[in-house]
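This is input_35.cif (mmCIF, C-alpha atoms).
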data_final
#
loop_
_atom_site.group_PDB
_atom_site.id
_atom_site.type_symbol
_atom_site.label_atom_id
_atom_site.label_comp_id
_atom_site.auth_asym_id
_atom_site.auth_seq_id
_atom_site.Cartn_x
_atom_site.Cartn_y
_atom_site.Cartn_z
ATOM 1 C CA MET K 15 92.798 7.358 190.692
ATOM 2 C CA ALA K 16 91.212 8.507 193.893
ATOM 3 C CA ASP K 17 88.810 11.449 193.951
ATOM 4 C CA ARG K 18 88.141 11.404 190.189
ATOM 5 C CA ILE K 19 86.392 14.256 188.457
ATOM 6 C CA MET K 20 85.711 12.406 185.180
ATOM 7 C CA THR K 21 83.607 9.286 184.920
ATOM 8 C CA VAL K 22 85.811 6.416 183.760
ATOM 9 C CA ASN K 23 84.251 3.203 182.518
ATOM 10 C CA ALA K 24 84.491 0.658 179.690
ATOM 11 C CA TYR K 25 83.648 3.382 177.147
ATOM 12 C CA THR K 26 86.421 5.781 178.182
ATOM 13 C CA THR K 27 88.691 6.418 175.193
ATOM 14 C CA LEU K 28 92.088 5.961 176.920
ATOM 15 C CA ASP K 29 92.170 5.325 180.657
ATOM 16 C CA LEU K 30 95.871 4.814 181.434
ATOM 17 C CA LEU K 31 98.299 7.246 179.848
ATOM 18 C CA GLU K 32 101.496 8.912 180.962
ATOM 19 C CA GLY K 33 100.568 12.537 181.640
ATOM 20 C CA ARG K 34 102.490 15.679 182.488
ATOM 21 C CA ALA K 35 101.534 19.043 183.931
ATOM 22 C CA GLU K 36 103.728 22.103 183.498
ATOM 23 C CA GLY K 37 103.427 25.410 185.263
ATOM 24 C CA HIS K 38 105.546 28.333 186.343
ATOM 25 C CA GLY K 39 108.239 26.729 188.468
ATOM 26 C CA PHE K 40 106.974 23.145 188.399
ATOM 27 C CA GLU K 41 106.588 20.099 186.212
ATOM 28 C CA GLU K 42 104.848 16.940 187.393
ATOM 29 C CA GLU K 43 104.150 13.540 185.890
ATOM 30 C CA ALA K 44 101.163 11.326 186.689
ATOM 31 C CA MET K 45 98.948 8.680 185.152
ATOM 32 C CA ALA K 46 96.159 10.232 183.091
ATOM 33 C CA THR K 47 92.777 9.538 181.548
ATOM 34 C CA LEU K 48 91.818 10.949 178.139
ATOM 35 C CA ASN K 49 88.284 10.794 176.805
ATOM 36 C CA VAL K 50 86.440 11.979 173.715
ATOM 37 C CA ARG K 51 82.665 12.228 173.825
ATOM 38 C CA THR K 52 79.661 13.795 172.185
ATOM 39 C CA PRO K 53 76.235 14.501 173.659
ATOM 40 C CA ARG K 54 73.905 11.472 173.370
ATOM 41 C CA THR K 55 71.173 13.432 171.620
ATOM 42 C CA ASP K 56 71.579 16.092 168.949
ATOM 43 C CA PRO K 57 75.395 16.242 169.086
ATOM 44 C CA GLU K 58 76.713 19.573 167.874
ATOM 45 C CA HIS K 59 80.241 19.247 169.228
ATOM 46 C CA ALA K 60 82.830 16.814 170.577
ATOM 47 C CA THR K 61 84.467 17.227 173.970
ATOM 48 C CA LEU K 62 88.063 16.186 174.654
ATOM 49 C CA GLN K 63 88.679 15.628 178.389
ATOM 50 C CA LEU K 64 91.933 15.071 180.284
ATOM 51 C CA GLU K 65 92.453 14.277 183.954
ATOM 52 C CA LEU K 66 95.736 13.553 185.731
ATOM 53 C CA ASP K 67 95.792 11.264 188.752
ATOM 54 C CA ASN K 68 95.686 13.810 191.574
ATOM 55 C CA THR K 69 97.209 11.365 194.065
ATOM 56 C CA GLU K 70 100.500 11.793 192.166
ATOM 57 C CA LEU K 71 100.433 15.606 192.000
ATOM 58 C CA GLU K 72 101.802 18.073 194.525
ATOM 59 C CA HIS K 73 101.114 21.436 192.865
ATOM 60 C CA LEU K 74 97.646 21.045 191.352
ATOM 61 C CA PRO K 75 94.296 20.515 193.076
ATOM 62 C CA PRO K 76 92.049 17.743 191.742
ATOM 63 C CA HIS K 77 90.665 18.910 188.386
ATOM 64 C CA ALA K 78 89.904 17.835 184.821
ATOM 65 C CA ASP K 79 90.492 19.906 181.704
ATOM 66 C CA SER K 80 88.290 19.843 178.628
ATOM 67 C CA VAL K 81 87.946 21.503 175.244
ATOM 68 C CA THR K 82 84.900 21.610 173.015
ATOM 69 C CA LEU K 83 85.505 20.942 169.321
ATOM 70 C CA THR K 84 83.350 21.547 166.279
ATOM 71 C CA ALA K 85 83.148 18.742 163.725
ATOM 72 C CA GLU K 86 85.756 20.539 161.592
ATOM 73 C CA GLN K 87 88.106 20.989 164.565
ATOM 74 C CA ALA K 88 87.693 17.321 165.511
ATOM 75 C CA ARG K 89 88.610 16.298 161.948
ATOM 76 C CA THR K 90 91.647 18.595 161.981
ATOM 77 C CA LEU K 91 92.798 17.037 165.259
ATOM 78 C CA ALA K 92 92.192 13.523 163.905
ATOM 79 C CA GLU K 93 94.226 14.289 160.762
ATOM 80 C CA GLU K 94 97.106 15.674 162.815
ATOM 81 C CA LEU K 95 97.083 12.638 165.121
ATOM 82 C CA THR K 96 97.053 10.313 162.107
ATOM 83 C CA GLU K 97 100.082 12.091 160.615
ATOM 84 C CA CYS K 98 101.918 11.843 163.945
ATOM 85 C CA ALA K 99 101.099 8.134 164.229
ATOM 86 C CA GLU K 100 102.425 7.534 160.708
ATOM 87 C CA ARG K 101 105.700 9.325 161.530
ATOM 88 C CA ILE K 102 106.094 7.271 164.720
ATOM 89 C CA GLU K 103 105.444 4.019 162.851
ATOM 90 C CA ALA K 104 107.817 4.986 160.030
ATOM 91 C CA GLU K 105 110.587 5.704 162.542
ATOM 92 C CA ALA K 106 109.988 2.364 164.286
ATOM 93 C CA GLU K 107 110.506 0.515 160.989
#
Please, can you express the file's structure as structure tokens?
Amino acid sequence: MADRIMTVNAYTTLDLLEGRAEGHGFEEEAMATLNVRTPRTDPEHATLQLELDNTELEHLPPHADSVTLTAEQARTLAEELTECAERIEAEAE
């Protein structure tokens, strides 16, 4: 990805995903980076970050999106992702 907003290194959670952006009148697909992080000292929240490869996008300027999650929200998200993973694995069997 050229002109990255997020720092991507060996500690990045997932650095090559298939991403999609939807808007009024457009839908685009691009490679994406997804990262989860907490502050190094005194963490009070988790941050979930997403960036699409802007070299593959026509309608969006270079940007990264993020949401801040409390510990409870992070657990809720983790539980939902675990349930989804189990359904995917069950279907594959």
query = Nearest to Gly39 (chain K): which of K:Thr52, K:Ser80, K:Cys98, K:His73 is it, counting only C-alpha atoms?
reply =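 Answer, going by the shortest atom-to-atom distance: K:His73.
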- Query: Any chance you could work out the residue set of the PyMOL selection byres ((chain K and resi 71) around 10) here, as JSON, numbers by chain?
  - Reply: {"K": [34, 35, 41, 42, 43, 44, 45, 66, 67, 68, 69, 70, 72, 73, 74, 75, 76]}
Around region 44-55 of chain K, with edges along x, y and z and 8 Å added on all six sides, what centre and edge lengths do you get, in Å to one decimal, as JSON?
{"center_x": 86.2, "center_y": 11.6, "center_z": 179.2, "size_x": 46.0, "size_y": 21.8, "size_z": 31.1}
message = For the provided coordinates, the residues matched by the PyMOL selection byres ((chain K and resi 84) around 10) should be stated as a ChimeraX atom specification.
response = /K:57-61,82-83,85-90
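Taking CA of Pro53 (chain K) as the reference point, CA of His77 (chain K) is found at 21.1 Å.
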A straight line from CA of Ala106 (chain K) to CA of Gly33 (chain K) spans 22.2 Å
| query | Using only C-alpha atoms, which residue out of K:Glu100, K:Glu107, K:Glu93, K:Glu65 lies closest to Ile19 (chain K)? | reply |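 Nearest candidate to Ile19 (chain K) out of K:Glu100, K:Glu107, K:Glu93, K:Glu65: K:Glu65.
One distance worth recording is that between CA of Glu94 (chain K) and CA of Phe40 (chain K), which is 28.4 Å.
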So which one's closest to Leu31 (chain K), K:Val50, K:Leu91, K:Ala78, K:Leu64? Using all atoms listed in the file, please.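 Using all atoms listed in the file, Leu31 (chain K) sits closest to K:Leu64.
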From the options K:Leu95, K:Ala46, K:Val81, K:Ala104, which residue's atoms come nearest to Val22 (chain K), counting only C-alpha atoms?
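Closest to Val22 (chain K), using only C-alpha atoms: K:Ala46.
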Discussion item. Show me, as a PyMOL selection string, the residues that have an atom within 8 Å of Leu28 (chain K) when counting all atoms listed in the file, minus same-chain residues fewer than 5 positions from it.
Written reply: chain K and resi 47-49
